[in-house]
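Enquirer: Below are the structure tokens for one structure; questions will follow.
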Amino acid sequence: MTSLPTPTCWPDPVLAAPTSGLTVPNIGDLSTGLNVPLNIGPKIIGPNLDDEQFLLRAFRSFAEAAGSLEHSYGLLRAEVERLRRELEESNSDLAHSLEENRSMRAHLDRILEGLPCGVLVASSDGQISRANPEALRLLGMGDAGEGALRSISALPGSVRELLERADAGTDEQELSIPDEHGSLRWLAARYASIADNASVFILRDISERKRLEEAQAKLRREQALAEMSAVLAHEIRNPLGSLELFAGLLAESDLDAECRKWVEHVQAGLRTLAATVNNVLHFHSLPEPERAPVDLGQLLDWARDFFVPLARQTRIELSLHNRLAGVLLSADRHRLEQVLLNLVLNAVRAMPGGGWIELGGRKIEDGRAVALVVADTGPGISPEHLPSIFEPGFSTRAGSPGLGLAVCRKIVEQHGGTITAASRPGCGATFKLTFPLAGIPTEGAAA
């Protein structure tokens with residue numbers, strides 16, 4: 001406030017006064033708040049001197065009030081300026097805090113996305129507000145994106161069961177869940193409650209840990225079985241050798257037909273028992289094979305002659321399709337005989353009422369490998385059992401240790417080969433042994 005308006009209501013006598021008789025304060029003097037004396041000369045035009053004094057006092061009061069107002073206005077402007085600066089500083093601090101919050105949120109989002117465990121954030125009504133990429137992957141929704149997962153109720157039943165168990169318990173819960181390929185996968189879930197009635201579920205894939213635990217348990221079982229079976233097998237093997245020797249002597253003696261038939265039954269039983277003992281011993285302590293050139297054609301001829309008495313006793317027709325005459329394989333012949341013995345004995349046991357067994361051999365892969373085949377007309381192998389038949393301890397026959405086919409696979413793999421099984425329920429089973437030929441020259445034609 002730097003100036004005052006000129007009054008328009010002055011009394012006429014004053015306005016008519018001569019300039020030499022009355023000094024009127026100018027507007028600039030009033031604005032400064034200073035009292036300027038009014039010199040009234042000896043000649044005063046007006047009816048009343050008291051009115052003039054009153055007017056002077058009014059101007060002084062007005063000037064004082066104007067000065068006070070101007071001073072207050074200055075203080076107010078200074079206060080406004082100070083508040084403006086404080087507001088600017090507050091706005092700057094707030095903007096900085098918001099930027100820090102955005103940066104921190106982005107940092108936390110990156111951490112959440114990079115966590116090796118899955119994180120699900122759900123509200124009290126089951127709506128999912130956040131799911132990191134690992135959670136989507138564990139739930140089989142890695143390609144769908146976070147927006148596709150909106151509610152816990154939309155999850156598969158097995159996953160909901162796991163989350164419900166985690167919510168109800170205090171410890172980490174574990175559950176096996178089938179994945180999109182049909183194989184089992186183990187998930188672990190832990191629950192935590194946070195503010196605003198929200199829940200956090202931490203998911204982990206513990207399949208590898210479970211596989212290690214199963215492998216360790218399997219190893220412990222195998223070690224215990226090895227210790228027990230080795231003792232039993234050695235105790236059985238000595239008297240068994242004597243029984244086989246005496247049975248062979250009886251078979252070579254001059255016996256009538258009926259006695260010879262009973263001796264053949266004894267020999268068949270001893271062969272089965274010997275195969276079982278060998279399976280137990282070889283499965284747990286199978287040394288490296290003693291390789292030598294083996295004529296596979298001769299091996300198949302031996303197998304036919306060896307199993308003919310057993311086939312005759314069990315009313316089984318045994319046929320041979322041998323196209324490996326003169327084909328040599330660097331192998332341990334005794335081990336290969338054991339494989340054929342296990343496969344044929346399994347086929348015989350599968351056909352107690354009789355049937356048909358075929359032994360065969362031929363070259364494959366343009367002569368770079370050979371295949372030995374043992375096929376039967378038994379009941380076959382059910383599809384659910386087929387993937388497990390070569391596993392140690394697996395057997396569908398009561399009382400069997402389930403080691404025969406496991407030993408067969410181990411022996412075949414020691415020779416660099418593979419063994420496979422094919423079957424249809426009710427249509428028999430076919431076992432195929434494939435061995436690569438290592439360049440040993442053949443002695444005759446083979447195709």
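Chain labels run A, B, ... following the order of the structure tokens; each chain numbers its residues from 1, and ligands are numbered from 1 in the order shown.
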Enumerate, as a ChimeraX atom specification, the complete set of residues in region 163-330 of chain A that a backbone-based DSSP assignment places in strand (DSSP E or B).
Expert: /A:173-178,184-194,198-205,292-295,316-322,328-330
Enquirer: Just write the chosen residues, N, CA and C atoms, as an mmCIF file, in the first residue's frame.
Expert:
```cif
data_model
loop_
_atom_site.group_PDB
_atom_site.id
_atom_site.type_symbol
_atom_site.label_atom_id
_atom_site.label_comp_id
_atom_site.auth_asym_id
_atom_site.auth_seq_id
_atom_site.Cartn_x
_atom_site.Cartn_y
_atom_site.Cartn_z
ATOM 1 N N GLN A 173 3.635 -77.355 3.717
ATOM 2 C CA GLN A 173 2.876 -78.516 3.274
ATOM 3 C C GLN A 173 3.406 -78.996 1.928
ATOM 4 N N GLU A 174 3.380 -80.322 1.714
ATOM 5 C CA GLU A 174 3.885 -80.916 0.485
ATOM 6 C C GLU A 174 2.804 -81.786 -0.144
ATOM 7 N N LEU A 175 2.805 -81.810 -1.472
ATOM 8 C CA LEU A 175 1.798 -82.593 -2.192
ATOM 9 C C LEU A 175 2.327 -82.911 -3.580
ATOM 10 N N SER A 176 2.083 -84.135 -4.054
ATOM 11 C CA SER A 176 2.448 -84.508 -5.420
ATOM 12 C C SER A 176 1.312 -84.120 -6.350
ATOM 13 N N ILE A 177 1.671 -83.439 -7.432
ATOM 14 C CA ILE A 177 0.684 -82.898 -8.361
ATOM 15 C C ILE A 177 1.075 -83.331 -9.767
ATOM 16 N N PRO A 178 0.156 -83.884 -10.550
ATOM 17 C CA PRO A 178 0.490 -84.235 -11.937
ATOM 18 C C PRO A 178 0.645 -82.976 -12.782
ATOM 19 N N LEU A 184 4.363 -86.966 -12.263
ATOM 20 C CA LEU A 184 4.150 -86.364 -10.947
ATOM 21 C C LEU A 184 5.215 -85.314 -10.654
ATOM 22 N N ARG A 185 4.775 -84.259 -10.005
ATOM 23 C CA ARG A 185 5.652 -83.172 -9.604
ATOM 24 C C ARG A 185 5.310 -82.814 -8.165
ATOM 25 N N TRP A 186 6.326 -82.605 -7.348
ATOM 26 C CA TRP A 186 6.111 -82.299 -5.935
ATOM 27 C C TRP A 186 6.201 -80.790 -5.721
ATOM 28 N N LEU A 187 5.158 -80.237 -5.055
ATOM 29 C CA LEU A 187 5.139 -78.825 -4.697
ATOM 30 C C LEU A 187 5.028 -78.680 -3.177
ATOM 31 N N ALA A 188 5.686 -77.662 -2.660
ATOM 32 C CA ALA A 188 5.579 -77.311 -1.236
ATOM 33 C C ALA A 188 5.016 -75.902 -1.136
ATOM 34 N N ALA A 189 4.147 -75.679 -0.151
ATOM 35 C CA ALA A 189 3.500 -74.374 0.021
ATOM 36 C C ALA A 189 3.572 -73.959 1.483
ATOM 37 N N ARG A 190 3.828 -72.667 1.689
ATOM 38 C CA ARG A 190 3.839 -72.070 3.028
ATOM 39 C C ARG A 190 2.947 -70.826 3.011
ATOM 40 N N TYR A 191 2.208 -70.612 4.108
ATOM 41 C CA TYR A 191 1.228 -69.515 4.187
ATOM 42 C C TYR A 191 1.714 -68.441 5.155
ATOM 43 N N ALA A 192 1.437 -67.185 4.786
ATOM 44 C CA ALA A 192 1.722 -66.063 5.678
ATOM 45 C C ALA A 192 0.618 -65.033 5.506
ATOM 46 N N SER A 193 0.162 -64.458 6.630
ATOM 47 C CA SER A 193 -0.884 -63.443 6.606
ATOM 48 C C SER A 193 -0.244 -62.071 6.720
ATOM 49 N N ILE A 194 -0.717 -61.104 5.891
ATOM 50 C CA ILE A 194 -0.197 -59.747 5.936
ATOM 51 C C ILE A 194 -1.360 -58.795 6.180
ATOM 52 N N ALA A 198 -4.928 -59.713 3.614
ATOM 53 C CA ALA A 198 -4.334 -60.377 2.455
ATOM 54 C C ALA A 198 -3.483 -61.556 2.908
ATOM 55 N N SER A 199 -3.315 -62.515 2.012
ATOM 56 C CA SER A 199 -2.548 -63.718 2.310
ATOM 57 C C SER A 199 -1.474 -63.901 1.254
ATOM 58 N N VAL A 200 -0.340 -64.430 1.690
ATOM 59 C CA VAL A 200 0.769 -64.715 0.784
ATOM 60 C C VAL A 200 1.070 -66.211 0.862
ATOM 61 N N PHE A 201 1.153 -66.850 -0.314
ATOM 62 C CA PHE A 201 1.521 -68.254 -0.399
ATOM 63 C C PHE A 201 2.867 -68.353 -1.113
ATOM 64 N N ILE A 202 3.809 -69.026 -0.469
ATOM 65 C CA ILE A 202 5.133 -69.253 -1.044
ATOM 66 C C ILE A 202 5.159 -70.687 -1.575
ATOM 67 N N LEU A 203 5.410 -70.839 -2.875
ATOM 68 C CA LEU A 203 5.408 -72.142 -3.535
ATOM 69 C C LEU A 203 6.830 -72.516 -3.938
ATOM 70 N N ARG A 204 7.176 -73.791 -3.750
ATOM 71 C CA ARG A 204 8.489 -74.291 -4.157
ATOM 72 C C ARG A 204 8.331 -75.629 -4.861
ATOM 73 N N ASP A 205 9.164 -75.851 -5.876
ATOM 74 C CA ASP A 205 9.211 -77.140 -6.556
ATOM 75 C C ASP A 205 10.260 -78.000 -5.853
ATOM 76 N N ALA A 292 35.060 -112.250 -25.117
ATOM 77 C CA ALA A 292 35.721 -113.105 -26.106
ATOM 78 C C ALA A 292 34.778 -113.214 -27.298
ATOM 79 N N PRO A 293 35.289 -113.506 -28.495
ATOM 80 C CA PRO A 293 34.386 -113.657 -29.646
ATOM 81 C C PRO A 293 33.383 -114.792 -29.411
ATOM 82 N N VAL A 294 32.110 -114.483 -29.507
ATOM 83 C CA VAL A 294 31.037 -115.450 -29.289
ATOM 84 C C VAL A 294 30.265 -115.596 -30.604
ATOM 85 N N ASP A 295 30.113 -116.798 -31.057
ATOM 86 C CA ASP A 295 29.303 -117.083 -32.240
ATOM 87 C C ASP A 295 27.833 -117.069 -31.807
ATOM 88 N N ILE A 316 5.138 -126.850 -23.919
ATOM 89 C CA ILE A 316 5.401 -125.625 -24.668
ATOM 90 C C ILE A 316 6.127 -125.988 -25.959
ATOM 91 N N GLU A 317 5.689 -125.397 -27.049
ATOM 92 C CA GLU A 317 6.341 -125.588 -28.338
ATOM 93 C C GLU A 317 7.466 -124.561 -28.470
ATOM 94 N N LEU A 318 8.680 -125.042 -28.698
ATOM 95 C CA LEU A 318 9.850 -124.178 -28.797
ATOM 96 C C LEU A 318 10.335 -124.159 -30.248
ATOM 97 N N SER A 319 10.433 -122.964 -30.817
ATOM 98 C CA SER A 319 10.901 -122.840 -32.201
ATOM 99 C C SER A 319 12.096 -121.902 -32.254
ATOM 100 N N LEU A 320 12.926 -122.079 -33.288
ATOM 101 C CA LEU A 320 14.143 -121.294 -33.433
ATOM 102 C C LEU A 320 14.223 -120.757 -34.855
ATOM 103 N N HIS A 321 14.455 -119.469 -34.988
ATOM 104 C CA HIS A 321 14.690 -118.817 -36.279
ATOM 105 C C HIS A 321 16.069 -118.159 -36.185
ATOM 106 N N ASN A 322 17.067 -118.918 -36.576
ATOM 107 C CA ASN A 322 18.457 -118.517 -36.366
ATOM 108 C C ASN A 322 19.064 -118.067 -37.695
ATOM 109 N N LEU A 328 29.916 -113.089 -35.135
ATOM 110 C CA LEU A 328 30.647 -113.040 -33.871
ATOM 111 C C LEU A 328 30.388 -111.723 -33.143
ATOM 112 N N LEU A 329 30.304 -111.843 -31.841
ATOM 113 C CA LEU A 329 30.120 -110.678 -30.969
ATOM 114 C C LEU A 329 31.104 -110.780 -29.825
ATOM 115 N N SER A 330 31.807 -109.679 -29.536
ATOM 116 C CA SER A 330 32.722 -109.663 -28.401
ATOM 117 C C SER A 330 31.898 -109.583 -27.122
#
```
Enquirer: For Thr418 (chain A), work out the shell of residues within 10 Å, counting only C-alpha atoms and skipping chain neighbours fewer than 6 positions away, then give it as an NGL selection string.
Expert: :A and (371 or 408-412 or 432-436)
Enquirer: Go ahead and save the residues from that selection, with N, CA and C atoms, as an mmCIF file, in the first residue's frame.
Expert:
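Generated output (selection-v4.cif):
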```cif
data_model
loop_
_atom_site.group_PDB
_atom_site.id
_atom_site.type_symbol
_atom_site.label_atom_id
_atom_site.label_comp_id
_atom_site.auth_asym_id
_atom_site.auth_seq_id
_atom_site.Cartn_x
_atom_site.Cartn_y
_atom_site.Cartn_z
ATOM 1 N N ALA A 371 20.142 -108.457 -33.464
ATOM 2 C CA ALA A 371 19.002 -108.480 -32.548
ATOM 3 C C ALA A 371 18.676 -109.916 -32.195
ATOM 4 N N CYS A 408 19.088 -108.838 -16.408
ATOM 5 C CA CYS A 408 19.186 -108.896 -17.867
ATOM 6 C C CYS A 408 19.568 -107.532 -18.432
ATOM 7 N N ARG A 409 18.918 -106.496 -17.958
ATOM 8 C CA ARG A 409 19.237 -105.167 -18.474
ATOM 9 C C ARG A 409 20.668 -104.774 -18.136
ATOM 10 N N LYS A 410 21.110 -105.084 -16.922
ATOM 11 C CA LYS A 410 22.465 -104.721 -16.533
ATOM 12 C C LYS A 410 23.497 -105.445 -17.395
ATOM 13 N N ILE A 411 23.278 -106.719 -17.670
ATOM 14 C CA ILE A 411 24.220 -107.479 -18.491
ATOM 15 C C ILE A 411 24.231 -106.942 -19.923
ATOM 16 N N VAL A 412 23.059 -106.688 -20.479
ATOM 17 C CA VAL A 412 22.981 -106.182 -21.850
ATOM 18 C C VAL A 412 23.667 -104.820 -21.951
ATOM 19 N N LYS A 432 13.399 -107.921 -26.963
ATOM 20 C CA LYS A 432 14.373 -107.756 -28.040
ATOM 21 C C LYS A 432 15.679 -107.231 -27.459
ATOM 22 N N LEU A 433 16.766 -107.960 -27.741
ATOM 23 C CA LEU A 433 18.106 -107.576 -27.303
ATOM 24 C C LEU A 433 18.873 -107.099 -28.530
ATOM 25 N N THR A 434 19.400 -105.883 -28.457
ATOM 26 C CA THR A 434 20.140 -105.306 -29.580
ATOM 27 C C THR A 434 21.572 -105.043 -29.155
ATOM 28 N N PHE A 435 22.534 -105.556 -29.973
ATOM 29 C CA PHE A 435 23.962 -105.369 -29.686
ATOM 30 C C PHE A 435 24.640 -104.803 -30.920
ATOM 31 N N PRO A 436 25.492 -103.788 -30.750
ATOM 32 C CA PRO A 436 26.262 -103.297 -31.900
ATOM 33 C C PRO A 436 27.418 -104.250 -32.196
#
```
Enquirer: Can you pull out the residues contacting Gly354 (chain A)? Cut-off 8 Å, using only C-alpha atoms, and skip same-chain residues under 2 positions away; I want them as a PyMOL selection string.
Expert: chain A and resi 314-317+348+351-352+356
Enquirer: For the residues in the current selection, export C-alpha atoms as a PDB file, in the first residue's frame.
Expert:
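Here's the written file selection24.pdb:
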```
ATOM      1  CA  THR A 314       5.632-127.797 -19.637  1.00  0.00           C
ATOM      2  CA  ARG A 315       3.802-128.591 -22.914  1.00  0.00           C
ATOM      3  CA  ILE A 316       5.401-125.625 -24.668  1.00  0.00           C
ATOM      4  CA  GLU A 317       6.341-125.588 -28.338  1.00  0.00           C
ATOM      5  CA  VAL A 348       7.553-120.610 -19.165  1.00  0.00           C
ATOM      6  CA  MET A 351       2.261-120.112 -19.560  1.00  0.00           C
ATOM      7  CA  PRO A 352       1.541-122.850 -16.988  1.00  0.00           C
ATOM      8  CA  TRP A 356       4.643-121.312 -27.762  1.00  0.00           C
TER       9      TRP A 356
END
```
Enquirer: By how many Å are CA of Ser124 (chain A) and CA of Asn101 (chain A) apart?
Expert: 26.1 Å
Enquirer: Could you check which of A:Arg323, A:Arg165, A:Lys218, A:Arg57 is closest to Gly361 (chain A), using only C-alpha atoms?
Expert: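 Smallest distance to Gly361 (chain A) is found for A:Arg323.
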Enquirer: Applying 7 Å and only C-alpha atoms, which residues near region 380-389 of chain A remain after dropping the ones on its own chain fewer than 3 positions away? List them as a list in words.
Expert: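 Near region 380-389 of chain A, the qualifying residues are Phe394, Leu405, Ser423, Arg424, Pro425, Gly426, Cys427, Gly428 and Ala429 of chain A.
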Enquirer: How would the residues just picked look written out with N, CA and C atoms as a short mmCIF file (atom, residue, chain, number, x, y, z; two decimals), in the first residue's frame?
Expert:
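selection-v3.cif was written with the following content:
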```cif
data_model
loop_
_atom_site.label_atom_id
_atom_site.label_comp_id
_atom_site.auth_asym_id
_atom_site.auth_seq_id
_atom_site.Cartn_x
_atom_site.Cartn_y
_atom_site.Cartn_z
N PHE A 394 10.75 -105.19 -8.91
CA PHE A 394 9.40 -105.19 -9.46
C PHE A 394 9.05 -106.59 -9.96
N LEU A 405 14.77 -109.59 -14.67
CA LEU A 405 14.85 -108.65 -15.78
C LEU A 405 15.81 -107.50 -15.48
N SER A 423 4.38 -105.59 -25.70
CA SER A 423 3.34 -106.54 -25.33
C SER A 423 1.97 -105.90 -25.50
N ARG A 424 1.01 -106.76 -25.79
CA ARG A 424 -0.40 -106.40 -25.72
C ARG A 424 -1.09 -107.41 -24.83
N PRO A 425 -1.87 -106.97 -23.88
CA PRO A 425 -2.53 -107.92 -22.99
C PRO A 425 -3.29 -108.99 -23.76
N GLY A 426 -2.99 -110.27 -23.38
CA GLY A 426 -3.64 -111.39 -24.04
C GLY A 426 -2.97 -111.83 -25.31
N CYS A 427 -1.93 -111.12 -25.75
CA CYS A 427 -1.26 -111.45 -27.03
C CYS A 427 0.21 -111.76 -26.84
N GLY A 428 0.63 -112.09 -25.64
CA GLY A 428 2.02 -112.46 -25.42
C GLY A 428 2.94 -111.26 -25.25
N ALA A 429 4.22 -111.56 -25.10
CA ALA A 429 5.24 -110.54 -24.91
C ALA A 429 6.44 -110.86 -25.78
#
```
Enquirer: What's around Leu115 (chain A) at 12 Å? Count only C-alpha atoms, leave out sequence neighbours fewer than 2 positions away in its own chain, and write the answer as JSON, numbers by chain.
Expert: {"A": [108, 109, 110, 111, 112, 113, 117, 118, 119, 131, 132, 133, 134, 135, 202, 203, 204]}
Enquirer: Mind checking which residues fall within 9 Å of Phe307 (chain A), counting only C-alpha atoms, ignoring those fewer than 3 positions away in the same chain, and posting them as a VMD selection string?
Expert: chain A and resid 302 to 304 310 to 312 318 341 344
Enquirer: Go ahead and save the residues from that selection, with N, CA and C atoms, as a PDB file, in the first residue's frame.
Expert:
```pdb
ATOM      1  N   TRP A 302      22.560-123.532 -28.879  1.00  0.00           N
ATOM      2  CA  TRP A 302      22.702-124.072 -27.508  1.00  0.00           C
ATOM      3  C   TRP A 302      21.430-123.816 -26.709  1.00  0.00           C
ATOM      4  N   ALA A 303      20.880-122.592 -26.817  1.00  0.00           N
ATOM      5  CA  ALA A 303      19.681-122.252 -26.053  1.00  0.00           C
ATOM      6  C   ALA A 303      18.525-123.190 -26.423  1.00  0.00           C
ATOM      7  N   ARG A 304      18.361-123.480 -27.708  1.00  0.00           N
ATOM      8  CA  ARG A 304      17.265-124.395 -28.103  1.00  0.00           C
ATOM      9  C   ARG A 304      17.466-125.772 -27.489  1.00  0.00           C
ATOM     10  N   LEU A 310      12.870-128.740 -20.901  1.00  0.00           N
ATOM     11  CA  LEU A 310      11.962-127.924 -20.103  1.00  0.00           C
ATOM     12  C   LEU A 310      10.671-127.643 -20.867  1.00  0.00           C
ATOM     13  N   ALA A 311      10.797-127.361 -22.144  1.00  0.00           N
ATOM     14  CA  ALA A 311       9.607-127.089 -22.957  1.00  0.00           C
ATOM     15  C   ALA A 311       8.726-128.336 -23.058  1.00  0.00           C
ATOM     16  N   ARG A 312       9.341-129.472 -23.207  1.00  0.00           N
ATOM     17  CA  ARG A 312       8.565-130.700 -23.311  1.00  0.00           C
ATOM     18  C   ARG A 312       7.814-130.985 -22.016  1.00  0.00           C
ATOM     19  N   LEU A 318       8.680-125.042 -28.698  1.00  0.00           N
ATOM     20  CA  LEU A 318       9.850-124.178 -28.797  1.00  0.00           C
ATOM     21  C   LEU A 318      10.335-124.159 -30.248  1.00  0.00           C
ATOM     22  N   LEU A 341      18.408-117.445 -20.359  1.00  0.00           N
ATOM     23  CA  LEU A 341      17.793-118.321 -19.354  1.00  0.00           C
ATOM     24  C   LEU A 341      16.697-117.570 -18.592  1.00  0.00           C
ATOM     25  N   VAL A 344      13.600-116.954 -20.994  1.00  0.00           N
ATOM     26  CA  VAL A 344      12.823-118.157 -21.307  1.00  0.00           C
ATOM     27  C   VAL A 344      12.095-118.669 -20.064  1.00  0.00           C
TER      28      VAL A 344
END
```
Enquirer: Which of region 56-297 of chain A counts as helix (DSSP H, G or I) under DSSP, as a PyMOL selection string please?
Expert: chain A and resi 56-114+133-138+146-148+152-154+157-168+207-252+257-284+296-297
